[in-house]
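Structure file input_36.pdb with PDB, C-alpha atoms:
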```
MODEL        1
ATOM      1  CA  ALA A1365     -13.658 -29.109  35.888
ATOM      2  CA  VAL A1366     -14.676 -29.270  39.497
ATOM      3  CA  ALA A1367     -11.400 -27.678  40.583
ATOM      4  CA  ALA A1368     -11.919 -24.829  38.099
ATOM      5  CA  ALA A1369     -15.412 -24.218  39.403
ATOM      6  CA  MET A1370     -14.093 -24.121  42.967
ATOM      7  CA  LEU A1371     -11.387 -21.611  41.932
ATOM      8  CA  SER A1372     -13.883 -19.256  40.304
ATOM      9  CA  LEU A1373     -16.104 -19.423  43.362
ATOM     10  CA  ASP A1374     -13.105 -18.423  45.477
ATOM     11  CA  PHE A1375     -12.567 -15.327  43.342
ATOM     12  CA  LEU A1376     -16.208 -14.341  43.562
ATOM     13  CA  ASP A1377     -16.127 -14.691  47.337
ATOM     14  CA  ASP A1378     -13.185 -12.331  47.492
ATOM     15  CA  VAL A1379     -15.012  -9.767  45.414
ATOM     16  CA  ARG A1380     -18.165 -10.011  47.503
ATOM     17  CA  ARG A1381     -16.147  -9.557  50.680
ATOM     18  CA  MET A1382     -14.891  -6.185  49.490
ATOM     19  CA  ASN A1383     -17.308  -3.439  50.292
ATOM     20  CA  LYS A1384     -18.248  -0.743  47.796
ATOM     21  CA  ARG A1385     -15.490   1.639  48.825
ATOM     22  CA  GLN A1386     -12.791  -0.968  48.318
ATOM     23  CA  LEU A1387     -14.201  -1.817  44.923
ATOM     24  CA  TYR A1388     -14.120   1.804  43.811
ATOM     25  CA  TYR A1389     -10.562   1.998  45.125
ATOM     26  CA  GLN A1390      -9.553  -0.968  43.023
ATOM     27  CA  VAL A1391     -11.179   0.533  39.947
ATOM     28  CA  LEU A1392      -9.347   3.819  40.513
ATOM     29  CA  ASN A1393      -6.107   1.909  40.931
ATOM     30  CA  PHE A1394      -6.762   0.239  37.631
ATOM     31  CA  GLY A1395      -7.468   3.626  36.073
ATOM     32  CA  MET A1396      -4.149   4.925  37.404
ATOM     33  CA  ILE A1397      -2.264   2.043  35.829
ATOM     34  CA  VAL A1398      -3.924   2.634  32.475
ATOM     35  CA  SER A1399      -3.249   6.389  32.615
ATOM     36  CA  SER A1400       0.383   5.861  33.530
ATOM     37  CA  ALA A1401       0.813   3.468  30.650
ATOM     38  CA  LEU A1402      -0.740   5.981  28.278
ATOM     39  CA  MET A1403       1.486   8.756  29.614
ATOM     40  CA  ILE A1404       4.597   6.659  29.098
ATOM     41  CA  TRP A1405       3.506   5.901  25.546
ATOM     42  CA  LYS A1406       2.803   9.557  24.762
ATOM     43  CA  GLY A1407       6.095  10.513  26.383
ATOM     44  CA  LEU A1408       7.908   8.068  24.118
ATOM     45  CA  MET A1409       6.159   9.587  21.128
ATOM     46  CA  VAL A1410       7.451  13.025  22.089
ATOM     47  CA  VAL A1411      11.015  11.924  22.839
ATOM     48  CA  THR A1412      11.424   9.911  19.667
ATOM     49  CA  GLY A1413       9.421  12.203  17.421
ATOM     50  CA  SER A1414       7.612   9.228  15.978
ATOM     51  CA  GLU A1415       3.874   8.589  16.054
ATOM     52  CA  SER A1416       4.646   4.933  16.601
ATOM     53  CA  PRO A1417       7.871   4.566  18.573
ATOM     54  CA  ILE A1418       7.626   0.801  18.880
ATOM     55  CA  VAL A1419       6.566  -1.451  16.022
ATOM     56  CA  VAL A1420       6.337  -5.172  15.493
ATOM     57  CA  VAL A1421       7.888  -6.734  12.396
ATOM     58  CA  LEU A1422       5.093  -8.361  10.447
ATOM     59  CA  SER A1423       6.839  -9.986   7.481
ATOM     60  CA  GLY A1424       9.973 -11.884   6.633
ATOM     61  CA  SER A1425      11.233  -9.362   4.103
ATOM     62  CA  MET A1426      14.130  -8.269   6.297
ATOM     63  CA  GLU A1427      15.430 -11.685   7.223
ATOM     64  CA  PRO A1428      17.840 -12.815   8.526
ATOM     65  CA  ALA A1429      18.135  -9.558  10.441
ATOM     66  CA  PHE A1430      14.514  -9.329  11.596
ATOM     67  CA  HIS A1431      11.854 -11.982  11.795
ATOM     68  CA  ARG A1432       8.117 -11.814  12.282
ATOM     69  CA  GLY A1433       7.449 -10.883  15.883
ATOM     70  CA  ASP A1434      10.610  -8.878  16.533
ATOM     71  CA  LEU A1435      10.119  -5.543  18.232
ATOM     72  CA  LEU A1436      11.714  -2.405  16.752
ATOM     73  CA  PHE A1437      12.411   0.880  18.535
ATOM     74  CA  LEU A1438      12.127   3.899  16.281
ATOM     75  CA  THR A1439      13.084   7.551  16.260
ATOM     76  CA  ASN A1440      11.886  10.085  13.770
ATOM     77  CA  ARG A1441      13.793  13.249  14.561
ATOM     78  CA  ILE A1442      13.763  15.821  11.789
ATOM     79  CA  GLU A1443      17.405  16.695  12.498
ATOM     80  CA  ASP A1444      18.439  13.165  11.528
ATOM     81  CA  PRO A1445      18.745  13.113   7.763
ATOM     82  CA  ILE A1446      17.665  10.038   5.822
ATOM     83  CA  ARG A1447      20.713   8.259   4.439
ATOM     84  CA  VAL A1448      21.253   5.020   2.532
ATOM     85  CA  GLY A1449      21.637   1.898   4.607
ATOM     86  CA  GLU A1450      19.224   3.085   7.264
ATOM     87  CA  ILE A1451      16.281   0.915   8.179
ATOM     88  CA  VAL A1452      13.091   2.939   7.790
ATOM     89  CA  VAL A1453       9.537   2.173   8.732
ATOM     90  CA  PHE A1454       7.160   3.793   6.296
ATOM     91  CA  ARG A1455       3.520   3.783   5.270
ATOM     92  CA  ILE A1456       2.342   3.835   1.709
ATOM     93  CA  GLU A1457      -0.319   6.459   1.134
ATOM     94  CA  GLY A1458      -3.719   4.968   1.711
ATOM     95  CA  ARG A1459      -2.436   1.845   3.423
ATOM     96  CA  GLU A1460      -2.444   1.181   7.118
ATOM     97  CA  ILE A1461       0.274  -1.392   7.479
ATOM     98  CA  PRO A1462       3.759   0.001   8.055
ATOM     99  CA  ILE A1463       6.643  -1.584   6.155
ATOM    100  CA  VAL A1464      10.145  -2.055   7.517
ATOM    101  CA  HIS A1465      12.814  -1.903   4.792
ATOM    102  CA  ARG A1466      16.225  -0.416   4.052
ATOM    103  CA  VAL A1467      17.011   2.755   2.109
ATOM    104  CA  LEU A1468      18.690   1.949  -1.198
ATOM    105  CA  LYS A1469      18.927   5.330  -2.901
ATOM    106  CA  ILE A1470      18.435   8.967  -1.999
ATOM    107  CA  HIS A1471      18.295  12.162  -3.998
ATOM    108  CA  GLU A1472      18.236  15.239  -1.804
ATOM    109  CA  LYS A1473      17.884  18.834  -2.897
ATOM    110  CA  GLN A1474      19.668  21.835  -1.433
ATOM    111  CA  ASN A1475      16.591  22.839   0.564
ATOM    112  CA  GLY A1476      16.301  19.458   2.238
ATOM    113  CA  ASP A1477      13.553  17.955   0.058
ATOM    114  CA  ILE A1478      14.390  14.325  -0.317
ATOM    115  CA  LYS A1479      13.101  11.410  -2.335
ATOM    116  CA  PHE A1480      14.288   7.903  -1.689
ATOM    117  CA  LEU A1481      13.890   4.281  -2.701
ATOM    118  CA  THR A1482      13.702   1.289  -0.376
ATOM    119  CA  LYS A1483      14.191  -2.460  -0.563
ATOM    120  CA  GLY A1484      13.757  -5.349   1.819
ATOM    121  CA  ASP A1485      16.996  -7.230   2.535
ATOM    122  CA  ASN A1486      15.301 -10.511   1.767
ATOM    123  CA  ASN A1487      13.587  -9.310  -1.410
ATOM    124  CA  ALA A1488      15.109  -9.670  -4.839
ATOM    125  CA  VAL A1489      13.777  -6.351  -6.123
ATOM    126  CA  ASP A1490      13.288  -2.867  -4.755
ATOM    127  CA  ASP A1491       9.995  -1.622  -3.408
ATOM    128  CA  ARG A1492       8.737   0.288  -6.449
ATOM    129  CA  GLY A1493       6.205  -2.477  -6.985
ATOM    130  CA  LEU A1494       4.803  -1.842  -3.520
ATOM    131  CA  TYR A1495       4.382   1.893  -3.849
ATOM    132  CA  LYS A1496       1.175   3.495  -5.009
ATOM    133  CA  GLN A1497       0.320   3.404  -8.692
ATOM    134  CA  GLY A1498       2.549   5.958 -10.413
ATOM    135  CA  GLN A1499       4.616   6.607  -7.321
ATOM    136  CA  HIS A1500       8.351   6.099  -7.864
ATOM    137  CA  TRP A1501       9.826   7.492  -4.646
ATOM    138  CA  LEU A1502       9.111   7.837  -0.981
ATOM    139  CA  GLU A1503       9.244  11.165   0.837
ATOM    140  CA  LYS A1504       9.819  12.305   4.397
ATOM    141  CA  LYS A1505       6.102  12.429   5.049
ATOM    142  CA  ASP A1506       5.765   8.700   4.409
ATOM    143  CA  VAL A1507       8.254   7.851   7.146
ATOM    144  CA  VAL A1508       7.033   6.661  10.538
ATOM    145  CA  GLY A1509      10.550   6.365  11.919
ATOM    146  CA  ARG A1510      14.035   4.932  11.658
ATOM    147  CA  ALA A1511      14.904   1.678  13.463
ATOM    148  CA  ARG A1512      17.509   2.363  16.132
ATOM    149  CA  GLY A1513      17.276  -0.740  18.295
ATOM    150  CA  PHE A1514      15.488  -4.034  18.475
ATOM    151  CA  VAL A1515      14.508  -6.913  20.691
ATOM    152  CA  PRO A1516      13.716 -10.303  19.172
ATOM    153  CA  TYR A1517      10.560 -12.437  19.601
ATOM    154  CA  ILE A1518       8.666 -10.235  22.101
ATOM    155  CA  GLY A1519       6.249  -8.815  19.543
ATOM    156  CA  ILE A1520       4.826 -12.273  18.864
ATOM    157  CA  VAL A1521       2.257 -11.562  21.568
ATOM    158  CA  THR A1522       0.868  -8.667  19.525
ATOM    159  CA  ILE A1523       0.681 -10.787  16.389
ATOM    160  CA  LEU A1524      -1.066 -13.582  18.285
ATOM    161  CA  MET A1525      -3.557 -11.121  19.721
ATOM    162  CA  ASN A1526      -4.287  -9.783  16.257
ATOM    163  CA  ASP A1527      -4.617 -13.119  14.558
ATOM    164  CA  TYR A1528      -6.568 -14.829  17.310
ATOM    165  CA  PRO A1529      -8.982 -12.322  18.883
ATOM    166  CA  LYS A1530     -10.122 -14.920  21.412
ATOM    167  CA  PHE A1531      -6.575 -14.904  22.761
ATOM    168  CA  LYS A1532      -6.744 -11.112  23.091
ATOM    169  CA  TYR A1533      -9.980 -11.242  25.072
ATOM    170  CA  ALA A1534      -8.602 -13.992  27.279
ATOM    171  CA  VAL A1535      -5.518 -11.899  28.084
ATOM    172  CA  LEU A1536      -7.576  -8.789  28.810
ATOM    173  CA  PHE A1537     -10.027 -10.739  30.938
ATOM    174  CA  LEU A1538      -7.266 -12.292  33.005
ATOM    175  CA  LEU A1539      -5.557  -8.906  33.450
ATOM    176  CA  GLY A1540      -8.808  -7.284  34.582
ATOM    177  CA  LEU A1541      -9.503 -10.123  36.990
ATOM    178  CA  PHE A1542      -6.021  -9.933  38.437
ATOM    179  CA  VAL A1543      -6.166  -6.185  39.022
ATOM    180  CA  LEU A1544      -9.601  -6.256  40.610
ATOM    181  CA  VAL A1545      -8.806  -9.080  42.947
ATOM    182  CA  HIS A1546      -5.280  -8.077  43.888
ATOM    183  CA  ARG A1547      -5.564  -6.551  47.351
ATOM    184  CA  GLU A1548      -2.798  -3.960  47.357
TER     185      GLU A1548
ATOM    186  CA  LEU B 888      39.309  -3.615 -16.134
ATOM    187  CA  ARG B 889      37.071  -0.949 -14.787
ATOM    188  CA  LYS B 890      34.794   0.492 -17.381
ATOM    189  CA  ASN B 891      32.680   3.511 -16.862
ATOM    190  CA  VAL B 892      29.962   3.280 -19.388
ATOM    191  CA  GLU B 893      26.967   5.507 -19.560
ATOM    192  CA  ASP B 894      24.071   4.166 -21.489
ATOM    193  CA  PHE B 895      21.252   6.565 -22.233
ATOM    194  CA  THR B 896      18.748   3.844 -22.940
ATOM    195  CA  GLY B 897      17.769   3.221 -19.340
ATOM    196  CA  PRO B 898      14.684   1.041 -18.933
ATOM    197  CA  ARG B 899      12.621   3.343 -16.712
ATOM    198  CA  GLU B 900      13.370   7.001 -17.011
ATOM    199  CA  ARG B 901      15.647   8.815 -19.377
ATOM    200  CA  SER B 902      18.377   9.354 -16.840
ATOM    201  CA  ASP B 903      22.041   8.712 -16.684
ATOM    202  CA  LEU B 904      22.906   5.137 -15.963
ATOM    203  CA  GLY B 905      26.376   4.421 -14.752
ATOM    204  CA  PHE B 906      28.125   1.096 -14.793
ATOM    205  CA  VAL B 907      30.933   0.457 -12.413
ATOM    206  CA  THR B 908      32.633  -2.884 -12.275
ATOM    207  CA  PHE B 909      35.409  -3.738  -9.919
ATOM    208  CA  ASP B 910      38.068  -6.210 -10.646
ATOM    209  CA  ILE B 911      41.355  -6.643  -8.931
ATOM    210  CA  THR B 912      43.195  -7.473 -12.103
ATOM    211  CA  ALA B 913      42.991  -3.830 -13.022
ATOM    212  CA  ASP B 914      45.313  -2.462 -15.607
ATOM    213  CA  ILE B 915      44.505   1.078 -14.634
ATOM    214  CA  LEU B 916      47.727   1.698 -12.759
ATOM    215  CA  ASN B 917      47.037   4.713 -10.652
ATOM    216  CA  ARG B 918      43.594   3.498  -9.499
ATOM    217  CA  LYS B 919      44.553  -0.065  -8.664
ATOM    218  CA  SER B 920      46.514   0.451  -5.480
ATOM    219  CA  GLY B 921      43.986   2.932  -4.135
ATOM    220  CA  LEU B 922      41.101   0.511  -4.475
ATOM    221  CA  GLN B 923      43.154  -2.376  -3.092
ATOM    222  CA  THR B 924      44.176  -0.556   0.106
ATOM    223  CA  PHE B 925      40.662   0.715   0.653
ATOM    224  CA  TRP B 926      39.311  -2.814   0.399
ATOM    225  CA  ASN B 927      41.999  -4.436   2.540
ATOM    226  CA  LYS B 928      41.714  -1.868   5.292
ATOM    227  CA  ASN B 929      38.024  -2.465   5.599
ATOM    228  CA  THR B 930      38.233  -6.252   5.395
ATOM    229  CA  LEU B 931      40.715  -6.170   8.275
ATOM    230  CA  MET B 932      38.305  -4.169  10.402
ATOM    231  CA  LEU B 933      35.564  -6.704   9.879
ATOM    232  CA  PHE B 934      37.580  -9.392  11.649
ATOM    233  CA  PHE B 935      37.272  -7.430  14.876
ATOM    234  CA  ILE B 936      33.643  -6.471  14.757
ATOM    235  CA  PHE B 937      32.039  -9.856  15.388
ATOM    236  CA  ASP B 938      31.388 -10.479  19.071
ATOM    237  CA  TRP B 939      28.809 -12.434  21.076
ATOM    238  CA  ASN B 940      26.098  -9.859  20.493
ATOM    239  CA  VAL B 941      26.583  -9.430  16.763
ATOM    240  CA  LYS B 942      24.105 -11.534  14.823
ATOM    241  CA  GLN B 943      25.067 -10.266  11.389
ATOM    242  CA  LEU B 944      26.553  -7.388   9.461
ATOM    243  CA  PHE B 945      24.767  -5.829   6.543
ATOM    244  CA  LEU B 946      27.537  -4.458   4.327
ATOM    245  CA  TYR B 947      26.936  -2.053   1.513
ATOM    246  CA  LEU B 948      29.024  -0.093  -0.918
ATOM    247  CA  SER B 949      27.485   3.269  -1.680
ATOM    248  CA  ALA B 950      28.320   5.970  -4.149
ATOM    249  CA  GLU B 951      27.858   9.547  -3.053
ATOM    250  CA  TYR B 952      27.928  12.541  -5.360
ATOM    251  CA  SER B 953      26.196  15.791  -6.055
ATOM    252  CA  THR B 954      24.639  17.074  -9.232
ATOM    253  CA  LYS B 955      22.997  20.193 -10.564
ATOM    254  CA  ASN B 956      19.551  18.788  -9.813
ATOM    255  CA  ASN B 957      20.256  17.420  -6.378
ATOM    256  CA  ALA B 958      22.701  18.612  -3.748
ATOM    257  CA  LEU B 959      23.210  15.118  -2.368
ATOM    258  CA  ASN B 960      22.772  11.737  -4.005
ATOM    259  CA  GLN B 961      23.547   8.392  -2.483
ATOM    260  CA  VAL B 962      23.155   5.127  -4.350
ATOM    261  CA  VAL B 963      23.858   1.665  -2.990
ATOM    262  CA  LEU B 964      25.800  -0.277  -5.603
ATOM    263  CA  TRP B 965      26.339  -3.532  -3.813
ATOM    264  CA  ASP B 966      25.354  -5.139  -0.538
ATOM    265  CA  LYS B 967      26.006  -8.352   1.313
ATOM    266  CA  ILE B 968      24.768 -10.004   4.452
ATOM    267  CA  MET B 969      27.559 -11.447   6.542
ATOM    268  CA  LEU B 970      26.443 -13.695   9.376
ATOM    269  CA  ARG B 971      28.511 -14.335  12.478
ATOM    270  CA  GLY B 972      30.522 -17.367  11.590
ATOM    271  CA  ASP B 973      30.870 -16.519   7.908
ATOM    272  CA  ASN B 974      34.351 -15.929   6.616
ATOM    273  CA  PRO B 975      34.855 -12.183   7.005
ATOM    274  CA  ARG B 976      37.170 -12.017   4.038
ATOM    275  CA  LEU B 977      35.631 -10.068   1.197
ATOM    276  CA  SER B 978      36.636 -11.005  -2.282
ATOM    277  CA  LEU B 979      36.944  -8.159  -4.695
ATOM    278  CA  LYS B 980      37.202 -10.293  -7.840
ATOM    279  CA  ASP B 981      34.873  -9.460 -10.628
ATOM    280  CA  MET B 982      32.191  -7.808  -8.570
ATOM    281  CA  LYS B 983      29.608  -6.170 -10.687
ATOM    282  CA  SER B 984      27.398  -3.480  -9.348
ATOM    283  CA  LYS B 985      24.390  -5.310  -7.923
ATOM    284  CA  TYR B 986      21.948  -2.502  -8.463
ATOM    285  CA  PHE B 987      21.434  -0.187 -11.367
ATOM    286  CA  PHE B 988      23.316   3.022 -10.796
ATOM    287  CA  PHE B 989      20.649   5.423 -12.039
ATOM    288  CA  ASP B 990      20.915   9.104 -11.456
ATOM    289  CA  ASP B 991      17.890  11.322 -11.048
ATOM    290  CA  GLY B 992      18.585  13.222 -14.221
ATOM    291  CA  ASN B 993      21.799  13.624 -16.162
ATOM    292  CA  GLY B 994      24.204  14.277 -13.348
ATOM    293  CA  LEU B 995      26.681  11.464 -13.964
ATOM    294  CA  LYS B 996      28.063  12.790 -17.234
ATOM    295  CA  GLY B 997      31.336  14.543 -16.568
ATOM    296  CA  ASN B 998      30.919  14.224 -12.824
ATOM    297  CA  ARG B 999      34.446  14.141 -11.512
ATOM    298  CA  ASN B1000      33.703  13.451  -7.904
ATOM    299  CA  ILE B1001      31.823  10.260  -7.126
ATOM    300  CA  THR B1002      32.905   8.838  -3.789
ATOM    301  CA  LEU B1003      32.534   5.173  -2.987
ATOM    302  CA  THR B1004      32.427   4.210   0.667
ATOM    303  CA  LEU B1005      31.911   0.895   2.375
ATOM    304  CA  SER B1006      29.553   0.914   5.351
ATOM    305  CA  TRP B1007      27.833  -1.634   7.492
ATOM    306  CA  ASN B1008      24.833  -1.989   9.715
ATOM    307  CA  VAL B1009      25.549  -4.028  12.831
ATOM    308  CA  VAL B1010      22.554  -6.192  13.697
ATOM    309  CA  PRO B1011      22.850  -7.382  17.303
ATOM    310  CA  ASN B1012      21.080 -10.305  18.905
ATOM    311  CA  ALA B1013      19.283  -7.593  20.834
ATOM    312  CA  GLY B1014      20.004  -3.914  21.302
ATOM    313  CA  ILE B1015      21.033  -0.882  19.317
ATOM    314  CA  LEU B1016      21.402  -0.977  15.514
ATOM    315  CA  PRO B1017      24.416   1.173  14.666
ATOM    316  CA  LEU B1018      25.454   2.208  11.179
ATOM    317  CA  VAL B1019      29.210   2.352  10.766
ATOM    318  CA  THR B1020      31.163   3.808   7.878
ATOM    319  CA  GLY B1021      34.373   2.082   6.940
ATOM    320  CA  SER B1022      37.653   3.882   6.695
ATOM    321  CA  GLY B1023      38.735   5.592   3.552
ATOM    322  CA  HIS B1024      36.941   5.975   0.295
ATOM    323  CA  VAL B1025      37.552   5.692  -3.408
ATOM    324  CA  SER B1026      36.913   8.462  -5.868
ATOM    325  CA  VAL B1027      35.495   7.603  -9.243
ATOM    326  CA  PRO B1028      35.211  10.150 -12.036
ATOM    327  CA  PHE B1029      32.797   9.605 -14.878
ATOM    328  CA  PRO B1030      33.791  10.523 -18.416
ATOM    329  CA  ASP B1031      32.322  13.453 -20.287
ATOM    330  CA  THR B1032      30.748  11.462 -23.038
ATOM    331  CA  TYR B1033      28.241   8.708 -23.309
ATOM    332  CA  GLU B1034      29.141   5.319 -24.645
ATOM    333  CA  THR B1035      26.674   3.699 -26.902
ATOM    334  CA  THR B1036      28.073   0.172 -26.882
ATOM    335  CA  LYS B1037      26.044  -2.148 -24.691
ATOM    336  CA  SER B1038      28.848  -4.513 -23.709
ATOM    337  CA  TYR B1039      29.431  -4.809 -19.986
TER     338      TYR B1039
ENDMDL
END
```
Write out the structure in this file as structure tokens.
Amino acid sequence: AVAAAMLSLDFLDDVRRMNKRQLYYQVLNFGMIVSSALMIWKGLMVVTGSESPIVVVLSGSMEPAFHRGDLLFLTNRIEDPIRVGEIVVFRIEGREIPIVHRVLKIHEKQNGDIKFLTKGDNNAVDDRGLYKQGQHWLEKKDVVGRARGFVPYIGIVTILMNDYPKFKYAVLFLLGLFVLVHRE
Amino acid sequence: LRKNVEDFTGPRERSDLGFVTFDITADILNRKSGLQTFWNKNTLMLFFIFDWNVKQLFLYLSAEYSTKNNALNQVVLWDKIMLRGDNPRLSLKDMKSKYFFFDDGNGLKGNRNITLTLSWNVVPNAGILPLVTGSGHVSVPFPDTYETTKSY
């Protein structure tokens, strides 16, 4: 406990030693980092055509392919038609949480209108029970994107931050502290 | 014995329901060799796909056809998860369609051109998720009349 107190005093000394101009500089630096991150995210949205180009798998319904915490990279280009076997991420009308399942059936009309049915690999039945009351099919508008690539485990951080808000604040606090004190 | 039976009493909607069963001991002479080669060719390919970055293959047999109502229909009839380390040999004996082969409407009756293809989704340990279609395909025509017997 004493060591921790000494460490925090050290940090405070550093901050006090910086004059106002340096502090503003650090804040601007921080702002630049945040803006760049936002620009990269928006850029990804444009390139992939998806409003959410990276999603975290939240349930075990696609095991053993994907587990909770895996990160998925999506595209949602209109030119790519929806075909069976593809892994789609979709939202059910009125619900926030996106679902990652596989397309089981499609019926597409001449003009491109399509209705399709999905099912999780690890589920015994198709998703009709999940859809809205009276809804039998999904449509293009429900799709957030198609999974094109994935990285395992990394998304666990997001799940932890959601489930344990104290962890989220701790991470943000440490990040902020690091950026403010870092002298480059 | 491959039976193509259409039963109008589908549980959900009043649409055509097709039943396709595969069995190697087929006595339908002209179809048998076609189905056999199609299956063997694809099973052979699977031996070569598994490498250090392939966690599993998600295999599925899909039927593709077009009807008056819909220009393109695709229905998955059967799927299987094959993990790295599993025996890649697929057995064709007595495989029943895993999922109900419902059409959106009455497009299966008399439809001469239903194409079955085997495809798979390669799931890596990390990286891109490609969808690959196997080689060849099998054509299945449906008869012009409905069968009312429920035996399958």
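CA of Asp966 in chain B lies 20.8 Å from CA of Leu1502 in chain A.
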Open item on the list: What's the separation between CA of Asp1477 in chain A and CA of Gly1493 in chain A, in Å to one decimal place?
Closed with: 22.8 Å
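For the pair CA of Ile1523 in chain A and CA of Ser1399 in chain A, the separation is 24.0 Å.
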Task: Nearest to chain A by atom-to-atom distance, counting only C-alpha atoms, from B:Ser1026, B:Asn998, B:Asn1012, B:Asn940 - done: B:Asn1012
TODO: Give as a PyMOL selection string every residue of chain B that touches chain A within 7 Å, counting all atoms listed in the file.
DONE: chain B and resi 957-963+1010+1013-1016
- [ ] Step by step, work through what the PyMOL selection byres ((chain A and resi 1420) around 9) selects in the shown file, and finish by giving those residues as a list of chain:residue names.
- [x] A:Ile1418, A:Val1419, A:Val1421, A:Leu1422, A:Arg1432, A:Gly1433, A:Asp1434, A:Leu1435, A:Leu1436, A:Ile1518, A:Gly1519, A:Ile1520, A:Thr1522, A:Ile1523
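Closest approach to Leu1018 in chain B from the set B:Ser949, B:Asn956, B:Ser1006, B:Lys985 is made by B:Ser1006, with distances taken over all atoms listed in the file.
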Open item on the list: Selection in question (the file shown): the PyMOL selection byres ((chain B and resi 1000) around 9). Which residues does it include, as a ChimeraX atom specification?
Closed with: /B:951-953,998-999,1001-1002,1026-1029
Task: Proximity to Asp938 in chain B - best of B:Val1019, B:Leu964, B:Leu1003, B:Leu970, all atoms listed in the file - done: B:Leu970
Edge lengths and centre, in Å to one decimal, as JSON: that's what I need for the box along x, y and z that holds all listed atoms of range 1452-1459 of chain A plus 8 Å on each side.
```
{"center_x": 4.7, "center_y": 4.2, "center_z": 4.9, "size_x": 32.8, "size_y": 20.6, "size_z": 23.6}
```
Could you list the residues chosen by the PyMOL selection byres ((chain A and resi 1456) around 7) in this structure as a CSV table (one decimal) with C-alpha atoms, in the frame of the given file?
```
chain,number,residue,atom,x,y,z
A,1454,PHE,CA,7.2,3.8,6.3
A,1455,ARG,CA,3.5,3.8,5.3
A,1457,GLU,CA,-0.3,6.5,1.1
A,1458,GLY,CA,-3.7,5.0,1.7
A,1459,ARG,CA,-2.4,1.8,3.4
A,1495,TYR,CA,4.4,1.9,-3.8
A,1496,LYS,CA,1.2,3.5,-5.0
A,1506,ASP,CA,5.8,8.7,4.4
```
Task: Protein, DNA and RNA residues within 6 Å of (11.2, 1.9, 12.2), all atoms listed in the file, as a VMD selection string - done: chain A and resid 1438 1452 to 1453 1509 to 1511
Open item on the list: I want to know what sits within 6 Å of Phe945 in chain B, based on all atoms listed in the file, with residues of the same chain fewer than 5 positions away left out; could you give that as an MDAnalysis selection string?
Closed with: chainID B and resid 967:968 1007:1008
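If you measure from each of B:Val1025, B:Pro1017, B:Gly972, B:Thr1004 to Trp939 in chain B using all atoms listed in the file, the closest one turns out to be B:Gly972.
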